[in-house]
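Here is work.txt, consisting of compact mmCIF, C-alpha atoms:
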# COMPACT_ATOMS: atom_id res chain seq x y z
CA MET O 845 9.61 0.09 -24.46
CA ALA O 846 5.95 0.77 -25.15
CA ILE O 847 3.36 -1.87 -24.33
CA THR O 848 1.54 -2.60 -27.57
CA ALA O 849 -1.16 -4.94 -28.74
CA SER O 850 1.46 -7.62 -29.33
CA SER O 851 2.38 -7.56 -25.65
CA GLY O 852 -0.76 -9.56 -24.83
CA VAL O 853 -0.66 -13.31 -25.37
CA ALA O 854 -3.30 -15.85 -26.24
CA GLN O 855 -3.91 -19.14 -24.50
CA GLY O 856 -0.84 -21.36 -24.50
CA ALA O 857 1.36 -18.67 -26.08
CA GLY O 858 4.77 -17.53 -24.92
CA SER O 859 6.76 -19.92 -22.74
CA ALA O 860 3.76 -21.48 -20.97
CA PRO O 861 2.99 -25.09 -21.93
CA ALA O 862 -0.02 -25.46 -24.18
CA GLY O 863 -3.21 -25.37 -22.17
CA GLN O 864 -1.51 -24.15 -18.98
CA ALA O 865 -1.84 -20.40 -19.41
CA GLU O 866 -5.51 -20.19 -18.42
CA ARG O 867 -5.64 -22.83 -15.66
CA SER O 868 -6.11 -22.23 -11.94
CA PRO O 869 -2.78 -21.66 -10.15
CA PHE O 870 -4.09 -23.75 -7.25
CA ILE O 871 -4.91 -26.74 -9.45
CA ARG O 872 -1.51 -26.46 -11.13
CA THR O 873 0.19 -26.36 -7.73
CA THR O 874 -1.74 -29.43 -6.58
CA GLU O 875 -0.59 -31.30 -9.69
CA LEU O 876 3.00 -30.13 -9.23
CA LEU O 877 3.14 -31.42 -5.66
CA ALA O 878 1.08 -34.60 -6.17
CA PRO O 879 4.10 -36.96 -6.53
CA TYR O 880 5.54 -35.90 -3.15
CA GLN O 881 4.78 -36.36 0.52
CA PRO O 882 5.70 -33.67 3.07
CA ALA O 883 8.38 -34.68 5.57
CA LYS O 884 6.76 -32.61 8.31
CA PRO O 885 3.16 -31.76 9.31
CA LEU O 886 1.84 -29.56 6.53
CA ILE O 887 1.47 -25.80 6.93
CA THR O 888 -0.44 -24.27 4.01
CA LEU O 889 0.56 -20.78 2.92
CA SER O 890 -0.67 -21.15 -0.65
CA LEU O 891 -4.35 -20.23 -0.36
CA GLY O 892 -5.27 -16.64 0.53
CA GLU O 893 -8.18 -17.70 2.72
CA PRO O 894 -8.37 -15.68 5.97
CA GLN O 895 -8.17 -17.89 9.05
CA HIS O 896 -8.83 -15.31 11.76
CA PRO O 897 -12.04 -15.74 13.82
CA VAL O 898 -15.42 -14.93 12.29
CA PRO O 899 -16.84 -11.79 14.00
CA ASP O 900 -19.11 -12.47 16.99
CA PHE O 901 -22.06 -10.59 15.51
CA VAL O 902 -22.47 -12.89 12.50
CA GLY O 903 -24.49 -15.64 14.21
CA PRO O 904 -26.98 -13.38 16.02
CA VAL O 905 -27.64 -11.27 12.91
CA LEU O 906 -28.24 -14.37 10.79
CA ALA O 907 -30.60 -15.78 13.40
CA LYS O 908 -32.55 -12.54 13.54
CA HIS O 909 -33.08 -12.49 9.79
CA ILE O 910 -33.37 -16.22 9.10
CA ALA O 911 -36.88 -15.87 7.63
CA ASP O 912 -35.44 -13.68 4.85
CA PHE O 913 -33.94 -16.79 3.25
CA GLY O 914 -37.51 -17.26 2.01
CA ARG O 915 -37.23 -14.21 -0.27
CA TYR O 916 -35.66 -13.77 -3.68
CA PRO O 917 -33.03 -11.03 -3.26
CA LEU O 918 -33.07 -7.91 -5.42
CA ALA O 919 -30.01 -7.62 -7.67
CA ARG O 920 -29.22 -4.09 -6.52
CA GLY O 921 -29.19 -5.01 -2.82
CA ILE O 922 -31.40 -4.02 0.09
CA GLU O 923 -31.46 -0.34 1.00
CA PRO O 924 -29.83 -0.81 4.46
CA PHE O 925 -26.89 -2.58 2.82
CA ARG O 926 -26.39 0.10 0.18
CA ARG O 927 -26.62 2.83 2.82
CA ALA O 928 -24.14 1.05 5.12
CA ALA O 929 -21.67 0.54 2.27
CA SER O 930 -22.01 4.18 1.21
CA ASN O 931 -21.47 5.42 4.77
CA TRP O 932 -18.43 3.19 5.18
CA LEU O 933 -16.86 4.49 1.96
CA SER O 934 -17.39 8.10 3.05
CA ASN O 935 -15.89 7.45 6.47
CA ARG O 936 -12.95 5.41 5.19
CA PHE O 937 -11.86 7.40 2.13
CA HIS O 938 -11.53 11.07 1.17
CA LEU O 939 -14.17 11.05 -1.56
CA PRO O 940 -15.10 14.04 -3.74
CA ARG O 941 -18.62 13.67 -2.34
CA PRO O 942 -20.67 10.93 -0.62
CA ILE O 943 -21.64 7.93 -2.75
CA ASP O 944 -25.37 7.90 -3.55
CA PRO O 945 -26.72 4.59 -2.15
CA GLU O 946 -29.60 4.69 -4.63
CA SER O 947 -27.61 4.86 -7.85
CA GLU O 948 -23.89 4.37 -7.11
CA ILE O 949 -23.76 1.11 -5.09
CA LEU O 950 -24.56 -2.48 -6.12
CA VAL O 951 -24.26 -5.54 -3.89
CA LEU O 952 -22.07 -8.40 -5.18
CA SER O 953 -21.84 -12.08 -4.38
CA GLY O 954 -18.21 -11.48 -3.45
CA SER O 955 -15.88 -9.38 -5.57
CA ARG O 956 -14.77 -12.27 -7.83
CA GLU O 957 -18.03 -12.68 -9.74
CA GLY O 958 -18.43 -8.93 -9.72
CA LEU O 959 -15.11 -8.47 -11.51
CA VAL O 960 -15.97 -11.10 -14.13
CA PHE O 961 -19.36 -9.53 -14.91
CA ALA O 962 -17.81 -6.04 -14.88
CA ALA O 963 -15.55 -6.94 -17.79
CA ILE O 964 -18.54 -8.15 -19.81
CA ALA O 965 -20.54 -5.05 -18.91
CA ALA O 966 -17.62 -2.74 -19.77
CA ALA O 967 -17.27 -4.20 -23.26
CA ARG O 968 -20.97 -3.53 -23.89
CA TYR O 969 -21.02 -0.15 -22.18
CA VAL O 970 -17.96 1.38 -23.84
CA GLY O 971 -19.00 0.24 -27.30
CA PRO O 972 -16.98 0.04 -30.55
CA ARG O 973 -13.26 0.66 -30.38
CA LYS O 974 -10.56 1.44 -32.91
CA GLY O 975 -9.57 -2.16 -33.51
CA LYS O 976 -10.18 -5.32 -31.50
CA PRO O 977 -11.48 -4.36 -28.03
CA ALA O 978 -8.90 -4.97 -25.32
CA ILE O 979 -8.83 -5.14 -21.55
CA LEU O 980 -5.60 -4.32 -19.74
CA MET O 981 -4.50 -5.93 -16.48
CA PRO O 982 -1.44 -6.24 -14.27
CA ASN O 983 0.74 -9.33 -14.65
CA PRO O 984 0.69 -11.22 -12.22
CA PHE O 985 -3.06 -10.85 -11.80
CA TYR O 986 -6.16 -12.28 -10.12
CA PRO O 987 -7.50 -14.99 -12.50
CA ALA O 988 -11.01 -13.48 -12.47
CA TYR O 989 -9.72 -10.60 -14.60
CA GLY O 990 -8.70 -12.98 -17.35
CA ALA O 991 -11.91 -15.00 -17.10
CA GLY O 992 -14.02 -11.85 -17.44
CA THR O 993 -11.97 -10.59 -20.37
CA ARG O 994 -12.35 -13.86 -22.26
CA ALA O 995 -16.10 -13.94 -21.53
CA ALA O 996 -16.36 -10.38 -22.88
CA GLY O 997 -14.67 -11.41 -26.13
CA CYS O 998 -11.84 -8.93 -25.61
CA GLU O 999 -8.10 -9.31 -26.07
CA LEU O 1000 -6.13 -9.70 -22.85
CA ILE O 1001 -3.17 -7.34 -22.63
CA TYR O 1002 -0.82 -8.13 -19.76
CA LEU O 1003 1.14 -5.29 -18.19
CA PRO O 1004 4.21 -6.64 -16.40
CA THR O 1005 4.54 -5.57 -12.76
CA THR O 1006 8.10 -5.95 -11.54
CA VAL O 1007 10.36 -4.58 -8.85
CA ALA O 1008 11.62 -2.05 -11.40
CA ASN O 1009 8.17 -0.41 -11.74
CA GLY O 1010 7.13 -0.78 -8.12
CA PHE O 1011 4.95 -3.81 -8.89
CA LEU O 1012 2.28 -1.64 -10.59
CA PRO O 1013 1.61 -1.31 -14.34
CA ASP O 1014 3.81 1.38 -15.90
CA LEU O 1015 1.27 3.78 -17.40
CA ASP O 1016 3.90 5.67 -19.37
CA THR O 1017 4.65 2.62 -21.53
CA LEU O 1018 1.12 2.41 -22.96
CA ASP O 1019 0.91 3.43 -26.61
CA GLU O 1020 -1.97 5.41 -28.11
CA ALA O 1021 -3.15 2.63 -30.43
CA THR O 1022 -3.62 0.24 -27.52
CA LEU O 1023 -5.35 2.82 -25.34
CA ALA O 1024 -7.70 3.74 -28.19
CA ARG O 1025 -9.12 0.20 -28.25
CA THR O 1026 -9.14 -0.36 -24.49
CA VAL O 1027 -12.56 -0.92 -22.92
CA ALA O 1028 -11.38 -1.50 -19.34
CA PHE O 1029 -8.29 -1.41 -17.15
CA PHE O 1030 -8.09 -3.74 -14.17
CA ILE O 1031 -6.00 -2.36 -11.32
CA ALA O 1032 -5.50 -3.99 -7.92
CA SER O 1033 -4.39 -1.87 -4.98
CA PRO O 1034 -3.11 -3.33 -2.72
CA ALA O 1035 -1.81 -5.62 -5.42
CA ASN O 1036 -2.05 -9.38 -5.26
CA PRO O 1037 0.52 -10.89 -4.82
CA GLN O 1038 3.12 -8.18 -4.19
CA GLY O 1039 1.12 -5.86 -1.89
CA ALA O 1040 2.03 -2.69 -3.79
CA VAL O 1041 -0.28 0.29 -3.21
CA ALA O 1042 -1.15 2.88 -5.87
CA THR O 1043 -0.55 6.49 -4.86
CA ARG O 1044 -3.02 9.31 -5.37
CA ASP O 1045 -0.86 10.55 -8.27
CA TYR O 1046 -1.00 7.11 -9.88
CA PHE O 1047 -4.80 6.93 -9.66
CA THR O 1048 -5.06 10.50 -10.98
CA ARG O 1049 -2.91 9.68 -14.00
CA LEU O 1050 -4.94 6.52 -14.70
CA LYS O 1051 -8.17 8.52 -14.43
CA GLN O 1052 -6.82 11.04 -16.97
CA LEU O 1053 -6.14 8.23 -19.43
CA ALA O 1054 -9.59 6.72 -18.86
CA ASP O 1055 -11.29 10.04 -19.56
CA GLN O 1056 -9.12 10.74 -22.59
CA TYR O 1057 -9.65 7.36 -24.23
CA GLY O 1058 -13.09 6.49 -22.85
CA PHE O 1059 -12.43 3.26 -20.97
CA MET O 1060 -13.51 2.00 -17.54
CA ILE O 1061 -11.21 1.69 -14.54
CA LEU O 1062 -12.15 -1.46 -12.62
CA SER O 1063 -10.35 -1.00 -9.31
CA ASP O 1064 -10.04 -4.14 -7.19
CA GLU O 1065 -9.67 -2.89 -3.61
CA CYS O 1066 -10.59 -6.01 -1.65
CA TYR O 1067 -7.29 -5.87 0.31
CA SER O 1068 -7.63 -2.19 1.23
CA GLU O 1069 -8.26 -2.90 4.92
CA ILE O 1070 -5.28 -5.23 5.37
CA TYR O 1071 -2.26 -3.05 6.08
CA THR O 1072 0.22 -2.67 8.92
CA ARG O 1073 1.25 0.96 8.55
CA GLN O 1074 -0.49 3.48 6.24
CA ALA O 1075 -4.07 2.99 5.04
CA PRO O 1076 -4.28 2.57 1.23
CA GLY O 1077 -6.38 5.00 -0.78
CA SER O 1078 -9.08 4.32 -3.37
CA ALA O 1079 -9.45 5.08 -7.06
CA LEU O 1080 -12.75 6.75 -6.11
CA GLU O 1081 -10.83 9.49 -4.31
CA CYS O 1082 -9.44 10.66 -7.65
CA ALA O 1083 -12.53 10.00 -9.77
CA GLY O 1084 -14.03 13.49 -9.79
CA PRO O 1085 -17.48 14.59 -8.58
CA ASP O 1086 -19.40 12.13 -10.77
CA PHE O 1087 -16.97 9.18 -10.44
CA THR O 1088 -17.03 8.98 -14.25
CA ASN O 1089 -15.28 5.92 -15.71
CA VAL O 1090 -14.33 4.57 -12.26
CA VAL O 1091 -15.80 1.67 -10.30
CA ALA O 1092 -14.26 0.25 -7.12
CA PHE O 1093 -14.84 -3.30 -5.89
CA GLN O 1094 -14.89 -4.26 -2.23
CA SER O 1095 -15.42 -7.51 -0.33
CA LEU O 1096 -15.87 -8.67 3.25
CA SER O 1097 -13.69 -11.75 2.68
CA LYS O 1098 -10.44 -10.14 3.79
CA ARG O 1099 -11.70 -7.15 5.77
CA SER O 1100 -14.02 -9.15 8.04
CA ASN O 1101 -12.68 -12.73 7.73
CA LEU O 1102 -15.83 -13.84 5.90
CA PRO O 1103 -14.56 -15.53 2.71
CA GLY O 1104 -17.38 -18.07 2.73
CA MET O 1105 -20.15 -15.48 3.02
CA ARG O 1106 -19.57 -14.07 -0.49
CA VAL O 1107 -20.68 -10.48 0.00
CA GLY O 1108 -19.14 -7.37 -1.49
CA PHE O 1109 -20.10 -4.34 -3.55
CA ALA O 1110 -19.28 -2.20 -6.55
CA ALA O 1111 -19.38 1.60 -6.24
CA GLY O 1112 -18.80 4.51 -8.59
CA ASP O 1113 -19.93 5.66 -12.04
CA LYS O 1114 -23.74 5.50 -11.93
CA ARG O 1115 -24.19 5.27 -15.69
CA PHE O 1116 -21.94 2.24 -15.89
CA LEU O 1117 -23.55 0.72 -12.80
CA ALA O 1118 -26.99 1.05 -14.39
CA ALA O 1119 -25.82 -1.01 -17.38
CA TYR O 1120 -23.96 -3.38 -15.07
CA HIS O 1121 -27.14 -3.85 -13.03
CA GLU O 1122 -29.11 -4.74 -16.16
CA LEU O 1123 -26.68 -7.56 -16.93
CA ARG O 1124 -26.42 -8.78 -13.35
CA ASN O 1125 -30.19 -8.73 -12.92
CA VAL O 1126 -30.56 -11.59 -15.40
CA ALA O 1127 -27.23 -13.41 -15.17
CA ALA O 1128 -25.43 -12.95 -11.85
CA PRO O 1129 -25.88 -14.82 -8.55
CA GLN O 1130 -27.91 -12.79 -6.06
CA VAL O 1131 -26.93 -12.22 -2.44
CA PRO O 1132 -29.28 -13.70 0.20
CA VAL O 1133 -30.96 -11.01 2.28
CA PRO O 1134 -29.75 -12.38 5.67
CA LEU O 1135 -26.16 -12.16 4.44
CA GLN O 1136 -26.70 -8.55 3.44
CA HIS O 1137 -27.85 -7.82 6.99
CA VAL O 1138 -24.61 -9.38 8.29
CA ALA O 1139 -22.77 -7.07 5.90
CA VAL O 1140 -24.64 -4.07 7.32
CA ALA O 1141 -23.33 -5.02 10.76
CA ALA O 1142 -19.82 -5.60 9.39
CA TYR O 1143 -19.61 -2.24 7.61
CA SER O 1144 -20.91 -0.53 10.76
CA ASP O 1145 -18.17 -1.93 12.99
CA GLU O 1146 -14.43 -1.21 12.86
CA ALA O 1147 -13.35 -2.95 16.07
CA HIS O 1148 -13.13 -6.39 14.47
CA VAL O 1149 -11.23 -4.92 11.50
CA GLU O 1150 -8.69 -3.24 13.78
CA GLU O 1151 -8.20 -6.56 15.61
CA ASN O 1152 -7.73 -8.26 12.25
CA ARG O 1153 -4.98 -5.80 11.33
CA ARG O 1154 -3.33 -6.32 14.72
CA LEU O 1155 -3.08 -10.05 14.07
CA TYR O 1156 -1.58 -9.48 10.62
CA ARG O 1157 0.86 -6.95 12.07
CA ILE O 1158 2.16 -9.59 14.47
CA LYS O 1159 2.79 -11.97 11.57
CA PHE O 1160 4.55 -9.37 9.45
CA ASP O 1161 6.70 -8.47 12.45
CA LEU O 1162 7.64 -12.17 12.55
CA ALA O 1163 8.41 -12.13 8.82
CA ASP O 1164 10.62 -9.07 9.31
CA GLN O 1165 12.57 -10.88 12.05
CA ILE O 1166 12.80 -14.33 10.46
CA LEU O 1167 13.25 -13.46 6.79
CA GLY O 1168 15.24 -10.27 7.28
CA ASN O 1169 16.51 -9.23 3.85
CA ARG O 1170 16.58 -12.74 2.42
CA TYR O 1171 15.02 -13.50 -0.98
CA GLY O 1172 14.30 -9.84 -1.67
CA TYR O 1173 11.77 -9.71 1.16
CA VAL O 1174 10.20 -6.30 1.75
CA ARG O 1175 7.27 -5.79 4.10
CA PRO O 1176 4.35 -5.10 1.74
CA ALA O 1177 2.35 -1.88 1.91
CA GLY O 1178 -0.92 -3.82 1.93
CA GLY O 1179 -2.50 -7.25 1.76
CA PHE O 1180 -1.37 -10.37 3.58
CA CYS O 1181 0.98 -11.95 1.03
CA VAL O 1182 4.76 -12.21 0.91
CA TRP O 1183 6.46 -12.22 -2.50
CA LEU O 1184 9.90 -13.85 -2.37
CA ASP O 1185 12.55 -13.94 -5.08
CA VAL O 1186 13.92 -17.49 -5.27
CA SER O 1187 15.32 -17.23 -8.80
CA ALA O 1188 18.84 -17.93 -7.51
CA LEU O 1189 17.68 -21.09 -5.73
CA GLY O 1190 16.53 -23.12 -8.71
CA GLY O 1191 13.34 -21.30 -9.65
CA ASP O 1192 9.82 -21.08 -8.31
CA GLU O 1193 8.58 -24.56 -9.18
CA ALA O 1194 11.68 -26.28 -7.82
CA VAL O 1195 11.54 -24.26 -4.60
CA ALA O 1196 7.81 -24.94 -4.16
CA VAL O 1197 8.50 -28.68 -4.45
CA LYS O 1198 11.45 -28.50 -2.08
CA LEU O 1199 9.51 -26.57 0.57
CA TYR O 1200 6.56 -28.97 0.36
CA ARG O 1201 8.62 -32.15 0.31
CA ASP O 1202 11.37 -31.26 2.78
CA ALA O 1203 9.77 -28.61 5.02
CA GLY O 1204 6.04 -29.36 4.89
CA VAL O 1205 5.31 -25.80 3.71
CA ARG O 1206 2.97 -25.30 0.77
CA VAL O 1207 3.42 -22.15 -1.35
CA ILE O 1208 2.40 -21.01 -4.85
CA PRO O 1209 4.97 -20.71 -7.66
CA GLY O 1210 4.88 -17.14 -8.90
CA SER O 1211 4.87 -18.17 -12.56
CA TYR O 1212 1.46 -19.80 -11.96
CA LEU O 1213 0.01 -16.42 -10.92
CA SER O 1214 1.16 -14.64 -14.07
CA ARG O 1215 1.41 -15.22 -17.80
CA PRO O 1216 4.33 -14.98 -20.23
CA GLN O 1217 4.58 -11.79 -22.24
CA ASN O 1218 5.01 -12.09 -25.99
CA ASP O 1219 8.78 -12.14 -25.62
CA GLY O 1220 8.51 -15.12 -23.26
CA PHE O 1221 9.20 -13.11 -20.09
CA ASN O 1222 7.02 -14.22 -17.19
CA PRO O 1223 7.12 -11.53 -14.46
CA GLY O 1224 6.13 -14.04 -11.78
CA ALA O 1225 8.81 -16.58 -12.65
CA GLY O 1226 11.42 -16.99 -9.94
CA TYR O 1227 9.07 -15.86 -7.16
CA ILE O 1228 6.95 -17.71 -4.63
CA ARG O 1229 3.87 -16.37 -2.89
CA LEU O 1230 3.15 -16.95 0.78
CA ALA O 1231 -0.21 -15.98 2.29
CA LEU O 1232 0.19 -15.20 6.00
CA VAL O 1233 -3.33 -16.30 6.90
CA SER O 1234 -2.63 -18.96 9.56
CA ASP O 1235 -2.15 -18.19 13.26
CA SER O 1236 1.09 -16.53 14.33
CA GLU O 1237 2.60 -19.74 15.76
CA SER O 1238 2.07 -21.67 12.52
CA THR O 1239 3.31 -18.72 10.49
CA ALA O 1240 6.52 -18.45 12.53
CA GLU O 1241 7.11 -22.20 12.25
CA ALA O 1242 6.58 -22.12 8.49
CA LEU O 1243 8.97 -19.18 8.02
CA HIS O 1244 11.65 -20.84 10.16
CA ARG O 1245 11.31 -24.04 8.14
CA LEU O 1246 11.54 -22.06 4.91
CA VAL O 1247 14.75 -20.33 5.94
CA ASN O 1248 16.31 -23.56 7.24
CA ILE O 1249 15.61 -25.38 3.99
CA LEU O 1250 16.55 -22.59 1.57
CA ASP O 1251 19.61 -21.11 3.28

Output the file's structure as structure tokens, nothing else.
Amino acid sequence: MAITASSGVAQGAGSAPAGQAERSPFIRTTELLAPYQPAKPLITLSLGEPQHPVPDFVGPVLAKHIADFGRYPLARGIEPFRRAASNWLSNRFHLPRPIDPESEILVLSGSREGLVFAAIAAARYVGPRKGKPAILMPNPFYPAYGAGTRAAGCELIYLPTTVANGFLPDLDTLDEATLARTVAFFIASPANPQGAVATRDYFTRLKQLADQYGFMILSDECYSEIYTRQAPGSALECAGPDFTNVVAFQSLSKRSNLPGMRVGFAAGDKRFLAAYHELRNVAAPQVPVPLQHVAVAAYSDEAHVEENRRLYRIKFDLADQILGNRYGYVRPAGGFCVWLDVSALGGDEAVAVKLYRDAGVRVIPGSYLSRPQNDGFNPGAGYIRLALVSDSESTAEALHRLVNILD
């Protein structure tokens, strides 16, 4: 069935209680669990906050550049940062050509604010559409996509990502009327929460649609460096020599275990980035210069990233052993989350309560990470998300508790 304009839902629509559809999944989980006390010492697998060690070079680089906290940062980023990010992209991905650090890179205060402002910039940049402007996004999705879409005054259209379509939006279901009024398409690869990775063919097909209908691809690639087997690709690899209609978003939060530093970048279509820069220059938070120098060091070093992947590999090996084929578990292609089907065990909310109360394991109900489609179907319902961010001992203990309680 084609995804049409009616497939998107407004706040409180569908099966979600009024006022719940746009709230933080973490706040909702806190409220869900508030009446209960865990029977065992708590292990938190709900928040995707990396817990691996901060790289050794962070402190010395900050100390060296401490005086730069006395400067207002430029919105576009310092030249060494833009050059380091450009070099990293060229070394990491098979790009049509090197990214120009002068016109095709912008520093971000983490990818989250960058994604929100990108939606606003896309609505202005693309211009009038045939009907109410719309922004498309996977469902489940990162809440920043929805926040940006609402701020841009566009209609949110949710594209269900299920096991049947490989946990990526099915591009063949999109009808022409919807595409003709689309200003942007959010895609996450690796996907959060399922860890699905878009293939080169998928990105190529999406790029063809963007060029045909004149919308922006906003590719969230902040999990691209967390994988245990094959390295994920980038939308930029399939964007053509001018990266037209494609912008990729990166962050050091996951790659370098620096979630509190709030540094990332956007790279791609220089015409869009020029308009994006104009907006950010007056409205967005700027990145302190010392933090940009830390990012230069981070993007110039792969040893700490390889160690990071090794630690995640250990934990996914544990998940393979402990979970086996229970709850539809499949080792994800990317990211650090586990997406478990608990629909036969009472549903995601009931299981989240049971695990917290009886096992001392905190997880996120999948229905809180997604929104109901117009027919009431919530593609996250019946799933729970686990973020394997703690140390391997805590992760193994949490997984053993989970299996003991749910089996």

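Of the listed residues (O:Trp1183, O:Tyr1200, O:Phe1029, O:Phe870), O:Trp1183 comes nearest to Arg1229 in chain O; the distances count all atoms listed in the file.
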
**OP:** Could you give me, as a list in words, the residues within 7 Å of Val1107 in chain O, counting all atoms listed in the file and dropping anything in the same chain fewer than 4 positions from it?
**Re:** Leu952, Ser953, Gly954, Ser1095, Leu1096 and Val1131 of chain O

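The spacing separating CA of Arg1106 in chain O from CA of Val1205 in chain O amounts to 27.8 Å.
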
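Among the candidates O:Ile1158, O:Ala1147, O:Leu876, O:Ala1225, the one nearest to Asp900 in chain O when counting only C-alpha atoms is O:Ala1147.
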
**OP:** May I have the residues at most 8 Å from (-9.0, -13.0, 18.9) in the file's coordinates, counting all atoms listed in the file, as a list in words?
**Re:** His896, Pro897 and Glu1151 of chain O

Subject >> Sphere at (5.3, -17.8, 2.1), radius 8 Å, counting all atoms listed in the file: residues as a VMD selection string >> reply: chain O and resid 889 to 890 1181 to 1184 1206 to 1207 1228 to 1232 1242 to 1243

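Distance check against Ala911 in chain O using only C-alpha atoms: of O:Ala1040, O:Pro1134, O:Ser1238, O:Ala1118, the minimum falls on O:Pro1134.
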
Original post:
What gap, in Å, lies between CA of Asn935 in chain O and CA of Glu1146 in chain O?
Top reply: 10.9 Å

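Our summary of the geometry notes that CA of Asp1202 in chain O is positioned 15.0 Å from CA of Gly1190 in chain O.
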
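The closest residue to Arg1124 in chain O, picked from O:Val1041, O:Ile1249, O:Ala1142, O:Ala1110 and counting only C-alpha atoms, is O:Ala1110.
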
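With distances restricted to only C-alpha atoms, O:Cys1082 is the closest residue to Thr1048 in chain O from O:Cys1082, O:Val1090, O:Val1138, O:Val1149.
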
Subject >> Exercise: range 1195-1198 of chain O partners within 12 Å, all atoms listed in the file, chain neighbours under 3 positions left out, as an MDAnalysis selection string >> reply: chainID O and resid 872:883 888:890 1171 1184:1192 1201:1212 1225:1230 1245:1251

Next, the residues of the selection above should be written as a CSV table (one decimal), keeping the file's coordinate frame with C-alpha atoms.
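To be explicit, this is the file written out as result-v9.csv:
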chain,number,residue,atom,x,y,z
O,872,ARG,CA,-1.5,-26.5,-11.1
O,873,THR,CA,0.2,-26.4,-7.7
O,874,THR,CA,-1.7,-29.4,-6.6
O,875,GLU,CA,-0.6,-31.3,-9.7
O,876,LEU,CA,3.0,-30.1,-9.2
O,877,LEU,CA,3.1,-31.4,-5.7
O,878,ALA,CA,1.1,-34.6,-6.2
O,879,PRO,CA,4.1,-37.0,-6.5
O,880,TYR,CA,5.5,-35.9,-3.2
O,881,GLN,CA,4.8,-36.4,0.5
O,882,PRO,CA,5.7,-33.7,3.1
O,883,ALA,CA,8.4,-34.7,5.6
O,888,THR,CA,-0.4,-24.3,4.0
O,889,LEU,CA,0.6,-20.8,2.9
O,890,SER,CA,-0.7,-21.2,-0.6
O,1171,TYR,CA,15.0,-13.5,-1.0
O,1184,LEU,CA,9.9,-13.8,-2.4
O,1185,ASP,CA,12.6,-13.9,-5.1
O,1186,VAL,CA,13.9,-17.5,-5.3
O,1187,SER,CA,15.3,-17.2,-8.8
O,1188,ALA,CA,18.8,-17.9,-7.5
O,1189,LEU,CA,17.7,-21.1,-5.7
O,1190,GLY,CA,16.5,-23.1,-8.7
O,1191,GLY,CA,13.3,-21.3,-9.6
O,1192,ASP,CA,9.8,-21.1,-8.3
O,1201,ARG,CA,8.6,-32.2,0.3
O,1202,ASP,CA,11.4,-31.3,2.8
O,1203,ALA,CA,9.8,-28.6,5.0
O,1204,GLY,CA,6.0,-29.4,4.9
O,1205,VAL,CA,5.3,-25.8,3.7
O,1206,ARG,CA,3.0,-25.3,0.8
O,1207,VAL,CA,3.4,-22.2,-1.4
O,1208,ILE,CA,2.4,-21.0,-4.8
O,1209,PRO,CA,5.0,-20.7,-7.7
O,1210,GLY,CA,4.9,-17.1,-8.9
O,1211,SER,CA,4.9,-18.2,-12.6
O,1212,TYR,CA,1.5,-19.8,-12.0
O,1225,ALA,CA,8.8,-16.6,-12.6
O,1226,GLY,CA,11.4,-17.0,-9.9
O,1227,TYR,CA,9.1,-15.9,-7.2
O,1228,ILE,CA,7.0,-17.7,-4.6
O,1229,ARG,CA,3.9,-16.4,-2.9
O,1230,LEU,CA,3.2,-17.0,0.8
O,1245,ARG,CA,11.3,-24.0,8.1
O,1246,LEU,CA,11.5,-22.1,4.9
O,1247,VAL,CA,14.8,-20.3,5.9
O,1248,ASN,CA,16.3,-23.6,7.2
O,1249,ILE,CA,15.6,-25.4,4.0
O,1250,LEU,CA,16.6,-22.6,1.6
O,1251,ASP,CA,19.6,-21.1,3.3

**OP:** Would you please work out which residue, of O:Ala1021, O:Leu1000, O:Ala978, O:Ile1070, is nearest to Leu1155 in chain O when using only C-alpha atoms?
**Re:** O:Ile1070

For Gly1077 in chain O, work out the shell of residues within 8 Å, counting only C-alpha atoms and skipping chain neighbours fewer than 4 positions away, then give it as a compact mmCIF listing (two decimals) with C-alpha atoms, in the coordinates of the input.
# COMPACT_ATOMS: atom_id res chain seq x y z
CA PHE O 937 -11.86 7.40 2.13
CA ALA O 1042 -1.15 2.88 -5.87
CA THR O 1043 -0.55 6.49 -4.86
CA ARG O 1044 -3.02 9.31 -5.37
CA SER O 1068 -7.63 -2.19 1.23
CA GLU O 1081 -10.83 9.49 -4.31

Starting from the incomplete input, reconstruct N, CA and C atoms of range 1042-1047 of chain O and report them as an mmCIF file, in the coordinates of the input.
data_model
loop_
_atom_site.group_PDB
_atom_site.id
_atom_site.type_symbol
_atom_site.label_atom_id
_atom_site.label_comp_id
_atom_site.auth_asym_id
_atom_site.auth_seq_id
_atom_site.Cartn_x
_atom_site.Cartn_y
_atom_site.Cartn_z
ATOM 1 N N ALA O 1042 -1.161 1.744 -4.957
ATOM 2 C CA ALA O 1042 -1.150 2.880 -5.870
ATOM 3 C C ALA O 1042 -1.279 4.184 -5.100
ATOM 4 N N THR O 1043 -0.492 5.163 -5.478
ATOM 5 C CA THR O 1043 -0.550 6.490 -4.860
ATOM 6 C C THR O 1043 -1.701 7.294 -5.463
ATOM 7 N N ARG O 1044 -1.994 8.404 -4.830
ATOM 8 C CA ARG O 1044 -3.020 9.310 -5.370
ATOM 9 C C ARG O 1044 -2.608 9.797 -6.763
ATOM 10 N N ASP O 1045 -1.335 10.104 -6.960
ATOM 11 C CA ASP O 1045 -0.860 10.550 -8.270
ATOM 12 C C ASP O 1045 -1.059 9.461 -9.318
ATOM 13 N N TYR O 1046 -0.834 8.216 -8.932
ATOM 14 C CA TYR O 1046 -1.000 7.110 -9.880
ATOM 15 C C TYR O 1046 -2.466 7.000 -10.304
ATOM 16 N N PHE O 1047 -3.376 7.008 -9.332
ATOM 17 C CA PHE O 1047 -4.800 6.930 -9.660
ATOM 18 C C PHE O 1047 -5.240 8.121 -10.507
#
